[in-house]
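Undergrad: Sharing a structure, written as structure tokens. Questions coming.
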Amino acid sequence: MRTKVRKKVEKKPYAYQMPFLGFFALLLVWDVLARFSGWSREVFPGPVVVLVSMGELLADGTLVRHTAASLFRVTVGFYLAAGLGIPMGIALGMMKTTRSLINPLIQFLRPISPLAWIPLAMLWFGIGDPPAIFLIFLSSFFPLVVSTTIAVDGVNPTYFHVAANFNFSRTEIITRLVIPAIIPEVVTALRMTVTISWLVVVAAEMIAVQSGLGFLILDSRNALRMDYVMDGMIAIGLVGLTLDYLMRQLGALEATRWRKMTQ
Amino acid sequence: MGRIYIEKLNKTYANRRRDPRRDDDPLLGQGDRVTVLFDIDLNILDGEMVCFLGPSGCGKSTLLRIIAGFESPSDGRVQINDKPVKGPSADHIFVFQHSGLFPWMTVAENVGLGLRHLKNQRERNEQVSEYIEMVELDGFEQHYPRQLSGGMQRRAELARALAVNPDIMIMDEPFSGLDFLTHMKMREEVVNMHAFIQKTILLVTHNIDDALIMGDRIVILGDSPTRVIMDRTLGFPRPRDFEKSSELSLLRSELFLMMGVNYAV
């Protein structure tokens with residue numbers, strides 16, 4: 001038993017190095033492919049070319065500006081979706097009659113890709129930030145409503161009996177029972193949806209705006225600069241990684257701790 | 001005060017098993033129904049500890065849930081202190097078979113649920129620790145229920161119920177799933193607590209010995225449809241030991257026989 005524990009402790013440092021090893025292998029394969037593919041560096045640039053051009057984009061501030069523009073849209077759209085979707089999910093979870101009225105509508109709208117809304121979004125909101133934010137909102141709103149509703153539905157009915165037994169008011173049922181009970185599930189849903197909205201922002205920016213990482217990629221394609229396209233892709237990946245990391249920190253919050261504890 | 005008066009209580013359910021799809025059919029309401037409780041008459045005195053025995057699925061829990069106000073009777077009357085039961089209330093607290101503690105609240109927060117009316121923070125904290133000490137959980141105030149053992153969870157739930165200072169405590173198999181020693185200790189604690197606070201306690205159990213050791217009164221419910229087949233007040237002094245008291249031992253054999261066990265050790 002004791003040796004087993006020891007082994008685990010000794011193994012740990014490698015655990016931190018493994019992800020970097022993965023990235024290094026990817027770079028290596030990429031470089032080999034680029035060198036021996038026979039394609040010119042304009043069509044398939046290798047890692048060195050891409051890194052050099054990334055240095056250029058960083059130096060003149062282009063990359064930072066576009067990343068900031070994308071992040072701004074995601075943040076606004078995502079907050080709007082969370083601010084409206086979670087309360088709506090709680091309401092639908094608690095009011096069974098309203099749910100049978102609204103749930104079919106949501107299930108009908110949910111599978112429609114946000115990208116299908118692009119023509120309408122442009123017509124209604126013009127160009128610039130609003131249509132992009134609208135699309136991000138759509139992409140996160142429905143999943144958040146649905147997961148919150150399911151989470152409320154999954155709360156152990158015994159707890160509602162306990163609440164009735166202790167003379168809980170309607171407000172107390174929401175603030176002291178429903179919300180704390182669903183926080184772990186809602187955090188998981190937020191993690192999923194932030195990834196979705198990050199996917200959608202890039203697509204939205206290819207159509208309606210003049211800034212953002214999606215625009216950078218589209219604009220670089222028109223200029224036939226595949227190295228810039230790849231820079232944009234790398235930035236998207238890195239920001240996505242950071243967003244997921246931040247959302248995972250949410251999962252470590254005090255409010256979700258009770259879920260992980262076992263005897 | 002915790003007087004309970006039950007008269008001609010009936011509870012029936014639509015037989016969904018036989019007719020699962022037609023539960024909106026008005027005819028079904030009259031015709032195909034399963035009787036769970038049949039003509040129950042009970043008069044429970046203030047401060048009595050009543051143990052309900054009966055075979056599994058005989059409707060013991062349903063009876064308690066109706067008294068607690070979670071379900072309504074199909075027919076008949078249930079009165080607590082001369083007033084009909086209208087729904088759940090802090091006057092009659094239900095202690096659930098599986099933990100009803102809120103897992104997102106610490107032990108102290110759970111116990112504090114019954115003391116929300118106290119606006120003075122210090123007074124409330126004092127009372128919370130008083131009840132936690134009563135069930136010997138001091139030192140575990142800031143633990144979450146999942147960090148506690150099964151027995152400690154039951155004790156925390158007991159403290160939470162006591163903190164409300166209810167007229168009646170309703171306990172649905174409070175010792176199920178506990179190991180032997182914890183079971184014995186919890187049983188002792190409930191008996192001592194009852195002697196101390198003198199509240200009406202209704203307790204459902206499968207365990208005949210629990211009923212004999214604890215009850216001021218034993219009510220046995222018979223199967224399908226459930227009615228009271230025995231209602232006896234036990235005048236034996238405590239602590240009770242059926243190995244030493246021949247009368248108690250005789251009653252024990254009688255009870256085992258009634259429940260379908262011919263030879264009990």
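Order determines the names: the first chain of the structure tokens is A, the second B, and so forth; residues in each chain are numbered 1 upward, and ligands are numbered 1 upward as they are shown.
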Show me which bits of chain B are within 6 Å of chain A, counting only C-alpha atoms, as a PyMOL selection string.
TA: chain B and resi 88-90+104+146-148
Undergrad: Could you save those same residues with N, CA and C atoms as a CSV table (one decimal), in the first residue's frame?
TA:
```csv
chain,number,residue,atom,x,y,z
B,88,PRO,N,-47.9,20.3,5.1
B,88,PRO,CA,-46.7,20.2,5.9
B,88,PRO,C,-46.5,21.5,6.8
B,89,SER,N,-46.0,21.3,7.9
B,89,SER,CA,-45.8,22.5,8.8
B,89,SER,C,-44.7,22.2,9.8
B,90,ALA,N,-44.1,23.2,10.3
B,90,ALA,CA,-43.0,23.1,11.2
B,90,ALA,C,-43.4,22.5,12.6
B,104,TRP,N,-25.8,20.8,0.5
B,104,TRP,CA,-25.0,22.0,0.2
B,104,TRP,C,-24.9,22.9,1.5
B,146,ARG,N,-22.0,15.0,3.6
B,146,ARG,CA,-21.3,13.9,2.9
B,146,ARG,C,-20.0,13.5,3.6
B,147,GLN,N,-19.5,14.4,4.5
B,147,GLN,CA,-18.3,14.1,5.2
B,147,GLN,C,-18.6,13.3,6.4
B,148,LEU,N,-19.8,13.1,6.8
B,148,LEU,CA,-20.2,12.4,8.0
B,148,LEU,C,-20.5,11.0,7.7
```
Undergrad: If we count only C-alpha atoms, what is near stretch 55-72 of chain A at a cut-off of 9 Å, once residues fewer than 5 positions away on the same chain are taken out, given as number ranges by chain?
TA: A: 50, 77, 129, 198, 201-202, 205, 211-216, 228, 231-232, 235-236, 239
Undergrad: Any chance you could export the current selection's N, CA and C atoms as a compact mmCIF listing (two decimals), in the first residue's frame?
TA:
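Okay, selection.txt is ready:
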```
# COMPACT_ATOMS: atom_id res chain seq x y z
N VAL A 50 5.27 30.39 -39.48
CA VAL A 50 4.08 30.86 -38.77
C VAL A 50 4.49 31.61 -37.50
N GLY A 77 -22.22 38.46 -25.22
CA GLY A 77 -23.23 37.48 -25.62
C GLY A 77 -23.42 36.41 -24.58
N ASP A 129 -20.93 44.87 -34.04
CA ASP A 129 -21.02 43.96 -32.89
C ASP A 129 -22.39 43.32 -32.69
N TRP A 198 -17.45 30.38 -28.23
CA TRP A 198 -16.14 30.70 -28.82
C TRP A 198 -16.04 30.16 -30.24
N VAL A 201 -18.32 32.62 -32.41
CA VAL A 201 -17.88 33.99 -32.64
C VAL A 201 -17.00 34.06 -33.89
N VAL A 202 -16.16 33.05 -34.06
CA VAL A 202 -15.26 33.07 -35.21
C VAL A 202 -16.07 33.03 -36.51
N GLU A 205 -17.85 36.32 -37.12
CA GLU A 205 -16.98 37.42 -37.52
C GLU A 205 -16.54 37.34 -38.98
N SER A 211 -13.54 43.23 -37.57
CA SER A 211 -12.51 42.97 -36.58
C SER A 211 -12.77 41.60 -35.96
N GLY A 212 -11.85 41.16 -35.12
CA GLY A 212 -11.99 39.86 -34.49
C GLY A 212 -11.17 38.81 -35.20
N LEU A 213 -10.96 37.70 -34.52
CA LEU A 213 -10.09 36.65 -35.06
C LEU A 213 -10.68 36.02 -36.32
N GLY A 214 -12.01 35.92 -36.34
CA GLY A 214 -12.66 35.38 -37.53
C GLY A 214 -12.40 36.26 -38.74
N PHE A 215 -12.50 37.57 -38.51
CA PHE A 215 -12.21 38.52 -39.58
C PHE A 215 -10.76 38.43 -40.01
N LEU A 216 -9.85 38.30 -39.04
CA LEU A 216 -8.43 38.19 -39.34
C LEU A 216 -8.17 37.00 -40.28
N TYR A 228 -0.76 33.89 -41.73
CA TYR A 228 -1.63 34.68 -40.84
C TYR A 228 -2.89 33.89 -40.46
N ASP A 231 -1.92 31.77 -37.74
CA ASP A 231 -1.76 32.57 -36.52
C ASP A 231 -3.11 32.78 -35.84
N GLY A 232 -4.10 33.10 -36.68
CA GLY A 232 -5.44 33.28 -36.13
C GLY A 232 -5.94 32.01 -35.47
N ALA A 235 -4.25 31.48 -32.16
CA ALA A 235 -4.80 32.38 -31.14
C ALA A 235 -6.15 31.87 -30.64
N ILE A 236 -6.98 31.39 -31.58
CA ILE A 236 -8.29 30.86 -31.20
C ILE A 236 -8.12 29.68 -30.23
N VAL A 239 -6.85 30.91 -26.77
CA VAL A 239 -7.89 31.57 -25.98
C VAL A 239 -8.92 30.54 -25.50
```
Undergrad: Residues at most 12 Å from A:Val49, counting only C-alpha atoms, excluding those fewer than 4 positions away in the same chain, as a list in words?
TA: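 The residues satisfying every condition are Trp30, Asp31, Ala34, Arg35, Ser40, Arg41, Glu42, Val43, Phe44, Pro45, Ser53, Met54, Gly55, Glu56, Arg225, Met226, Asp227, Tyr228, Val229, Met230 and Asp231 of chain A.
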Undergrad: For the residues in the current selection, export N, CA and C atoms as a compact mmCIF listing (two decimals), in the first residue's frame.
TA:
```txt
# COMPACT_ATOMS: atom_id res chain seq x y z
N TRP A 30 4.16 18.62 -37.80
CA TRP A 30 3.80 19.74 -38.67
C TRP A 30 5.01 20.15 -39.52
N ASP A 31 6.15 20.30 -38.88
CA ASP A 31 7.35 20.74 -39.57
C ASP A 31 7.75 19.74 -40.66
N ALA A 34 5.33 19.88 -43.53
CA ALA A 34 5.50 21.09 -44.33
C ALA A 34 6.73 20.98 -45.23
N ARG A 35 7.80 20.40 -44.69
CA ARG A 35 9.04 20.30 -45.46
C ARG A 35 8.93 19.34 -46.62
N SER A 40 4.31 24.67 -51.59
CA SER A 40 5.10 25.87 -51.30
C SER A 40 4.72 26.42 -49.94
N ARG A 41 5.58 27.28 -49.37
CA ARG A 41 5.33 27.80 -48.04
C ARG A 41 4.14 28.76 -48.03
N GLU A 42 3.70 29.22 -49.21
CA GLU A 42 2.49 30.05 -49.24
C GLU A 42 1.24 29.19 -49.02
N VAL A 43 1.31 27.94 -49.49
CA VAL A 43 0.14 27.05 -49.35
C VAL A 43 0.15 26.35 -47.99
N PHE A 44 1.30 25.84 -47.59
CA PHE A 44 1.38 25.10 -46.34
C PHE A 44 2.62 25.57 -45.56
N PRO A 45 2.51 26.68 -44.86
CA PRO A 45 3.66 27.19 -44.12
C PRO A 45 4.01 26.30 -42.93
N SER A 53 5.72 35.08 -38.39
CA SER A 53 4.65 36.01 -38.75
C SER A 53 3.80 36.34 -37.53
N MET A 54 3.71 35.40 -36.58
CA MET A 54 2.98 35.70 -35.37
C MET A 54 3.69 36.81 -34.60
N GLY A 55 5.03 36.77 -34.65
CA GLY A 55 5.81 37.84 -34.04
C GLY A 55 5.46 39.19 -34.66
N GLU A 56 5.32 39.21 -35.99
CA GLU A 56 4.94 40.45 -36.68
C GLU A 56 3.59 40.95 -36.21
N ARG A 225 -2.47 34.98 -47.31
CA ARG A 225 -1.43 34.81 -46.30
C ARG A 225 -1.82 33.67 -45.36
N MET A 226 -1.50 32.44 -45.77
CA MET A 226 -1.88 31.28 -44.97
C MET A 226 -1.18 31.27 -43.61
N ASP A 227 -0.01 31.91 -43.53
CA ASP A 227 0.66 31.96 -42.22
C ASP A 227 -0.15 32.80 -41.24
N TYR A 228 -0.76 33.89 -41.73
CA TYR A 228 -1.63 34.68 -40.84
C TYR A 228 -2.89 33.89 -40.46
N VAL A 229 -3.43 33.13 -41.43
CA VAL A 229 -4.59 32.28 -41.12
C VAL A 229 -4.25 31.37 -39.96
N MET A 230 -3.06 30.76 -40.05
CA MET A 230 -2.67 29.82 -39.00
C MET A 230 -2.44 30.55 -37.68
N ASP A 231 -1.92 31.77 -37.74
CA ASP A 231 -1.76 32.57 -36.52
C ASP A 231 -3.11 32.78 -35.84
```
Undergrad: Taking the backbone alone, and naming residues the way the document does, which bits of stretch 20-60 of chain A are alpha helix (DSSP H) by DSSP, as a VMD selection string?
TA: chain A and resid 20 to 36 47 to 59
Undergrad: Would you export the selected residues with C-alpha atoms as a PDB file, in the first residue's frame, please?
TA:
```pdb
ATOM      1  CA  PHE A  20       3.905  19.980 -23.443  1.00  0.00           C
ATOM      2  CA  LEU A  21       5.329  16.838 -24.927  1.00  0.00           C
ATOM      3  CA  GLY A  22       2.131  16.508 -26.919  1.00  0.00           C
ATOM      4  CA  PHE A  23       2.469  20.028 -28.293  1.00  0.00           C
ATOM      5  CA  PHE A  24       6.105  19.438 -29.145  1.00  0.00           C
ATOM      6  CA  ALA A  25       5.201  16.290 -31.079  1.00  0.00           C
ATOM      7  CA  LEU A  26       2.542  18.223 -32.978  1.00  0.00           C
ATOM      8  CA  LEU A  27       5.102  20.887 -33.954  1.00  0.00           C
ATOM      9  CA  LEU A  28       7.510  18.215 -35.087  1.00  0.00           C
ATOM     10  CA  VAL A  29       4.953  16.409 -37.266  1.00  0.00           C
ATOM     11  CA  TRP A  30       3.801  19.742 -38.673  1.00  0.00           C
ATOM     12  CA  ASP A  31       7.351  20.739 -39.570  1.00  0.00           C
ATOM     13  CA  VAL A  32       8.109  17.405 -41.230  1.00  0.00           C
ATOM     14  CA  LEU A  33       4.859  17.517 -43.210  1.00  0.00           C
ATOM     15  CA  ALA A  34       5.504  21.093 -44.334  1.00  0.00           C
ATOM     16  CA  ARG A  35       9.037  20.303 -45.460  1.00  0.00           C
ATOM     17  CA  PHE A  36       8.300  17.125 -47.368  1.00  0.00           C
ATOM     18  CA  PRO A  47       5.873  26.215 -37.826  1.00  0.00           C
ATOM     19  CA  VAL A  48       8.896  28.482 -38.126  1.00  0.00           C
ATOM     20  CA  VAL A  49       7.272  30.691 -40.775  1.00  0.00           C
ATOM     21  CA  VAL A  50       4.084  30.855 -38.766  1.00  0.00           C
ATOM     22  CA  LEU A  51       5.911  31.745 -35.564  1.00  0.00           C
ATOM     23  CA  VAL A  52       7.834  34.531 -37.297  1.00  0.00           C
ATOM     24  CA  SER A  53       4.648  36.010 -38.749  1.00  0.00           C
ATOM     25  CA  MET A  54       2.982  35.697 -35.366  1.00  0.00           C
ATOM     26  CA  GLY A  55       5.806  37.839 -34.037  1.00  0.00           C
ATOM     27  CA  GLU A  56       4.944  40.454 -36.676  1.00  0.00           C
ATOM     28  CA  LEU A  57       1.247  40.409 -35.803  1.00  0.00           C
ATOM     29  CA  LEU A  58       2.028  40.687 -32.113  1.00  0.00           C
ATOM     30  CA  ALA A  59       4.499  43.509 -32.660  1.00  0.00           C
TER      31      ALA A  59
END
```
Undergrad: Give me, please, the distance in Å between atom CA of B:Arg3 and atom CA of B:Thr200, quoted to one decimal.
TA: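 Answer for the atom CA of B:Arg3 to atom CA of B:Thr200 separation: 7.7 Å.
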